[in-house]
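I have placed the structure first, in the form of structure tokens, so that the comments after it can refer back to it.
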Amino acid sequence: MATTMKAVVIHAPGGPEVLKVEQRPIPKPEAGQVLIRVKAFGLNRSEMFTRQGHSPGVDFPRILGIEATGIVEHAPGGEFEKGQIVMTAMGGMGRQFDGGYAQYTVVPCLQVQAITVPTRLGWDVLGAMPEMIQTAYGAITKSLRVKKGDRFLVRGGTTSVGLAAISIAKELGAHVAATSRKPERELFLRQYGADEFLLDDGAIGKQIKDDSKKFDKVLELVGTVSLQDSFQCVAPGGVVSLTGIVGNSWHIDKFVPMELIPKFTYLTVYGGWIPEFMGTPLNDIVQKVEAGKFNIKVGKVFNIDQIVEAHQCMDDNAAEGKIVILTD
Ligand SMILES: NC(=O)c1ccc[n+]([C@@H]2O[C@H](COP(=O)([O-])OP(=O)(O)OC[C@H]3O[C@@H](n4cnc5c(N)ncnc54)[C@H](OP(=O)(O)O)[C@@H]3O)[C@@H](O)[C@H]2O)c1
């Protein structure tokens, strides 16, 4: 076995160009850890924040990457067999310790799911799944408790998490509406499964003239910048889950809850960590994708040597789906 690997290392914050592909020693697993031969990894906006220097407690140099998909190389404690397909995410990957932007990564076994169902899905599809599915599934089932017949709105419908949420909510039997700021993306969202499209002009509440068209559940992926408006779209008894921040603002200036939250409606948040990742039925979703019952929208695929281009694509919001990197 080789002793070195390709890894994407960040030494100082900045634009996509600060990401350097370097040769690094293949890490060695200790008891309770597993060495994964990474075959593919998805890109996440949290890695964009880390790259920009906004993630607290992250020291450079660091191998980025909060998720990875690949094959078990070695688990000293015998928790996994060599050759098993596995997925991992979160738990400090790419932030507190070196992460998935590499040909190999070492993570604690307790944050690894084995894919035990037979699959012929490509590494691009499998690599798109861990964090994207964990987030959409957790927000929909745990935070919003979407159920059959709910009117469900995804604000930020063209985000990779938003697209996964459309698939999951449709499968649960919800009526699904989705937003984009770009009118030309309506067809894409409808073809993907959305029943309704709302052009996000920043004031979609005004577009809903009839109270019966308001929503029971709203997945807010644009963030604090549109939260107040999202509450204008919610029916009495309805819930908004603040799950994403593509609008790039974490705060609400002069937050006045009694003005922001209409009476008899509810605000919650979603944040996935190891329990949420481990509780995500990835094997079930792999089977549904295999059977054509569930869509995984891979937006763009790059090779690890193209990591700068891939991050530029994320910065440009150009992917229309998950950006996946293959490591071979
Ligand atoms: N809570 C959690 O546990 C968790 C976990 C993972 C991810 N997240 C969050 O989920 C969100 C989605 O992540 P992702 O990786 O799926 O995103 P992504 O695919 O990179 O999102 C790209 C899309 O974001 C939209 N967008 C970008 N800037 C925007 C703005 N200023 N206002 C409105 N829309 C904007 C664009 O849609 P249009 O141009 O079509 O409008 C674009 O197509 C992120 O905020 C991420 O941090 C949360």
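Residue numbering restarts at 1 in every chain; chains get A, B, ... in the order shown in the structure tokens, and ligands count up from 1 in that same order.
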Find the spatial neighbours of Thr88 of chain A, counting only C-alpha atoms, within a cut-off of 7 Å - ignore same-chain residues fewer than 5 positions away - and output them as a PDB file with C-alpha atoms, in the first residue's frame.
```
ATOM      1  CA  GLU A  67     -18.032  14.260   4.955  1.00  0.00           C
ATOM      2  CA  ALA A  68     -16.667  11.365   2.914  1.00  0.00           C
ATOM      3  CA  THR A  69     -17.814   8.219   1.134  1.00  0.00           C
ATOM      4  CA  GLN A 111     -19.745   8.362  13.096  1.00  0.00           C
ATOM      5  CA  VAL A 112     -19.611   5.857  10.244  1.00  0.00           C
ATOM      6  CA  GLN A 113     -22.541   4.109   8.534  1.00  0.00           C
ATOM      7  CA  PRO A 130     -24.088  11.787   3.582  1.00  0.00           C
TER       8      PRO A 130
END
```
**Message:** Distance limit 6 Å, reference ligand 1, atoms considered: only C-alpha atoms and all ligand atoms. Which residues make the cut? Give them as a list in words.
**Reply:** Asn44, Arg45, Ser46, Thr135, Gly156, Thr158, Thr159, Ser160, Val161, Ser180, Arg181, Lys182, Leu221, Val222, Thr243, Gly244, Ile245, Val246, Gly247, Tyr270, Gly271, Gly272, Met314, Asn317, Glu320, Gly321 and Lys322 of chain A
Could you give me, as a PDB file with C-alpha atoms, in the first residue's frame, the residues within 12 Å of Ile133 of chain A, counting only C-alpha atoms and dropping anything in the same chain fewer than 4 positions from it?
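Output below, filename around-v5.pdb:
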```
ATOM      1  CA  GLY A  42     -19.465  16.268  -1.406  1.00  0.00           C
ATOM      2  CA  GLU A  67     -18.032  14.260   4.955  1.00  0.00           C
ATOM      3  CA  MET A  87     -20.278   7.009   4.640  1.00  0.00           C
ATOM      4  CA  THR A  88     -19.285   9.473   7.332  1.00  0.00           C
ATOM      5  CA  ALA A  89     -20.029  13.084   8.222  1.00  0.00           C
ATOM      6  CA  VAL A 125     -24.258   9.509  -6.418  1.00  0.00           C
ATOM      7  CA  LEU A 126     -23.083   7.793  -3.217  1.00  0.00           C
ATOM      8  CA  GLY A 127     -20.641  10.636  -2.563  1.00  0.00           C
ATOM      9  CA  ALA A 128     -23.458  13.193  -2.798  1.00  0.00           C
ATOM     10  CA  MET A 129     -25.430  11.616   0.000  1.00  0.00           C
ATOM     11  CA  TYR A 137     -34.023  14.096   6.295  1.00  0.00           C
ATOM     12  CA  GLY A 138     -33.352  15.433   9.791  1.00  0.00           C
ATOM     13  CA  ALA A 139     -34.937  18.815   9.141  1.00  0.00           C
ATOM     14  CA  ILE A 140     -38.033  17.268   7.560  1.00  0.00           C
ATOM     15  CA  THR A 141     -38.609  14.399   9.968  1.00  0.00           C
ATOM     16  CA  SER A 160     -28.630  20.672  -2.837  1.00  0.00           C
ATOM     17  CA  VAL A 161     -30.301  20.282   0.569  1.00  0.00           C
ATOM     18  CA  GLY A 162     -33.474  21.849  -0.835  1.00  0.00           C
ATOM     19  CA  LEU A 163     -33.572  19.411  -3.756  1.00  0.00           C
ATOM     20  CA  ALA A 164     -33.100  16.439  -1.429  1.00  0.00           C
ATOM     21  CA  ALA A 165     -35.872  17.863   0.765  1.00  0.00           C
ATOM     22  CA  ILE A 166     -38.231  17.986  -2.223  1.00  0.00           C
ATOM     23  CA  SER A 167     -37.637  14.255  -2.837  1.00  0.00           C
ATOM     24  CA  ILE A 168     -38.074  13.279   0.809  1.00  0.00           C
ATOM     25  CA  GLY A 272     -27.171  17.892  12.330  1.00  0.00           C
ATOM     26  CA  GLU A 276     -28.612  12.829  13.424  1.00  0.00           C
ATOM     27  CA  PHE A 277     -26.192  11.436  10.833  1.00  0.00           C
ATOM     28  CA  MET A 278     -26.264   7.964  12.385  1.00  0.00           C
ATOM     29  CA  GLY A 279     -30.078   8.127  12.562  1.00  0.00           C
ATOM     30  CA  THR A 280     -30.424   8.849   8.848  1.00  0.00           C
ATOM     31  CA  PRO A 281     -31.639   5.731   6.975  1.00  0.00           C
ATOM     32  CA  LEU A 282     -28.923   5.810   4.312  1.00  0.00           C
ATOM     33  CA  ASN A 283     -29.337   2.130   3.370  1.00  0.00           C
ATOM     34  CA  ASP A 284     -33.047   2.667   2.811  1.00  0.00           C
ATOM     35  CA  ILE A 285     -32.363   5.709   0.663  1.00  0.00           C
ATOM     36  CA  VAL A 286     -29.724   3.866  -1.385  1.00  0.00           C
ATOM     37  CA  PHE A 294     -35.897   8.714  -4.972  1.00  0.00           C
ATOM     38  CA  ASN A 295     -33.811  11.379  -6.724  1.00  0.00           C
ATOM     39  CA  ILE A 296     -30.270  12.326  -5.794  1.00  0.00           C
ATOM     40  CA  LYS A 297     -29.390  15.460  -7.729  1.00  0.00           C
ATOM     41  CA  LYS A 322     -24.644  18.607  -5.066  1.00  0.00           C
TER      42      LYS A 322
END
```
**Prompt:** Mind checking DSSP for segment 145-278 of chain A and telling me the strand (DSSP E) residues as a ChimeraX atom specification?
**Reply:** /A:151-155,175-180,196-199,215-220,234-242,266-269
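Interatomic distance, atom CA of Gln33 of chain A to atom CA of His54 of chain A: 28.4 Å.
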**Prompt:** Using the chain letters and numbers from this document, which residues of segment 148-236 of chain A does DSSP assign to helix (DSSP H, G or I), as a PyMOL selection string?
**Reply:** chain A and resi 160-172+183-192+204-207+211-213+224-231
**Request:** Within 12 Å of Leu144 of chain A, counting only C-alpha atoms, which residues show up once you throw out same-chain ones fewer than 4 positions away? Write them as a ChimeraX atom specification, please.
**Result:** /A:135-140,150-154,165,169,215-220,237-243,266-270
**Item:** Spatial neighbours of segment 254-262 of chain A, max dist 7 Å, only C-alpha atoms, sep filter under 3 positions, as a VMD selection string
**Value:** chain A and resid 228 231 265
Please, could you write that set of residues out with N, CA and C atoms as an mmCIF file, in the first residue's frame?
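Output below, filename again_5.cif:
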```
data_model
loop_
_atom_site.group_PDB
_atom_site.id
_atom_site.type_symbol
_atom_site.label_atom_id
_atom_site.label_comp_id
_atom_site.auth_asym_id
_atom_site.auth_seq_id
_atom_site.Cartn_x
_atom_site.Cartn_y
_atom_site.Cartn_z
ATOM 1 N N GLN A 228 -38.430 36.541 8.233
ATOM 2 C CA GLN A 228 -39.669 37.278 8.509
ATOM 3 C C GLN A 228 -40.675 37.073 7.377
ATOM 4 N N PHE A 231 -42.317 33.707 7.465
ATOM 5 C CA PHE A 231 -43.427 33.608 8.422
ATOM 6 C C PHE A 231 -44.730 34.178 7.854
ATOM 7 N N THR A 265 -48.015 30.479 15.337
ATOM 8 C CA THR A 265 -47.040 29.815 14.465
ATOM 9 C C THR A 265 -45.762 29.613 15.274
#
```
Set out as a tab-separated table a contact list for segment 96-197 of chain A and segment 71-82 of chain A with a cut-off of 10 Å, giving each residue of segment 96-197 of chain A that qualifies its closest atom pair and distance in Å to one decimal, counting only C-alpha atoms, ordered by chain and rising residue number.
```
residue	atom	partner	partner_atom	distance
A:Tyr104	CA	A:Glu73	CA	8.8
A:Thr105	CA	A:Glu73	CA	9.8
A:Val106	CA	A:His74	CA	9.5
A:Pro108	CA	A:Ala75	CA	9.7
A:Cys109	CA	A:Glu79	CA	7.1
A:Leu110	CA	A:Glu79	CA	9.5
A:Val112	CA	A:Phe80	CA	9.4
A:Gln113	CA	A:Phe80	CA	9.7
A:Ala114	CA	A:Phe80	CA	7.9
A:Ile115	CA	A:Ile71	CA	9.9
```
Selection file, N, CA and C atoms, as a PDB file, in the first residue's frame:
```pdb
ATOM      1  N   TYR A 104      -7.566   9.393   1.563  1.00  0.00           N
ATOM      2  CA  TYR A 104      -7.827   8.585   2.767  1.00  0.00           C
ATOM      3  C   TYR A 104      -8.215   9.531   3.897  1.00  0.00           C
ATOM      4  N   THR A 105      -9.040   9.026   4.806  1.00  0.00           N
ATOM      5  CA  THR A 105      -9.334   9.790   6.013  1.00  0.00           C
ATOM      6  C   THR A 105      -9.530   8.824   7.178  1.00  0.00           C
ATOM      7  N   VAL A 106      -9.228   9.301   8.381  1.00  0.00           N
ATOM      8  CA  VAL A 106      -9.444   8.510   9.604  1.00  0.00           C
ATOM      9  C   VAL A 106     -10.505   9.215  10.438  1.00  0.00           C
ATOM     10  N   PRO A 108     -13.626   8.513  13.817  1.00  0.00           N
ATOM     11  CA  PRO A 108     -14.139   7.575  14.829  1.00  0.00           C
ATOM     12  C   PRO A 108     -15.210   6.678  14.229  1.00  0.00           C
ATOM     13  N   CYS A 109     -15.180   5.387  14.606  1.00  0.00           N
ATOM     14  CA  CYS A 109     -16.177   4.429  14.085  1.00  0.00           C
ATOM     15  C   CYS A 109     -17.601   4.859  14.406  1.00  0.00           C
ATOM     16  N   LEU A 110     -17.787   5.568  15.509  1.00  0.00           N
ATOM     17  CA  LEU A 110     -19.156   5.909  15.930  1.00  0.00           C
ATOM     18  C   LEU A 110     -19.827   6.919  15.016  1.00  0.00           C
ATOM     19  N   VAL A 112     -19.717   6.499  11.562  1.00  0.00           N
ATOM     20  CA  VAL A 112     -19.611   5.857  10.244  1.00  0.00           C
ATOM     21  C   VAL A 112     -20.799   4.921  10.048  1.00  0.00           C
ATOM     22  N   GLN A 113     -21.470   5.049   8.908  1.00  0.00           N
ATOM     23  CA  GLN A 113     -22.541   4.109   8.534  1.00  0.00           C
ATOM     24  C   GLN A 113     -22.049   3.225   7.403  1.00  0.00           C
ATOM     25  N   ALA A 114     -22.214   1.914   7.552  1.00  0.00           N
ATOM     26  CA  ALA A 114     -21.893   0.979   6.472  1.00  0.00           C
ATOM     27  C   ALA A 114     -23.102   0.840   5.554  1.00  0.00           C
ATOM     28  N   ILE A 115     -22.829   0.833   4.257  1.00  0.00           N
ATOM     29  CA  ILE A 115     -23.896   0.578   3.285  1.00  0.00           C
ATOM     30  C   ILE A 115     -23.892  -0.924   3.035  1.00  0.00           C
TER      31      ILE A 115
END
```
**Prompt:** So which residues touch Gly92 of chain A within 9 Å, counting only C-alpha atoms, skipping near sequence neighbours fewer than 6 positions away, as a ChimeraX atom specification?
**Reply:** /A:66,98-99
Include C-alpha atoms and write out the residues we just selected as a PDB file, in the first residue's frame.
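Okay, out28.pdb is ready:
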```pdb
ATOM      1  CA  ILE A  66     -17.061  17.478   6.765  1.00  0.00           C
ATOM      2  CA  ASP A  98      -8.416  16.458   9.174  1.00  0.00           C
ATOM      3  CA  GLY A  99     -11.427  15.656   7.032  1.00  0.00           C
TER       4      GLY A  99
END
```
**Asked** Using only C-alpha atoms, which of A:Trp250, A:Phe188, A:Phe97, A:Phe49 sits nearest Gly14 of chain A?
**Response** A:Phe49
**Asked** In terms of the shortest atom-to-atom distance over only C-alpha atoms, which of A:Val8, A:Ile85, A:Cys313, A:Cys233 is closest to Thr116 of chain A?
**Response**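 Of the candidates, the smallest distance to Thr116 of chain A is held by A:Ile85.
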**Message:** Show me, as a PyMOL selection string, the residues that have an atom within 8 Å of segment 15-26 of chain A when counting only C-alpha atoms, minus same-chain residues fewer than 6 positions from it.
**Reply:** chain A and resi 2-9+51-52+104-105+304-305+307-309+311-312
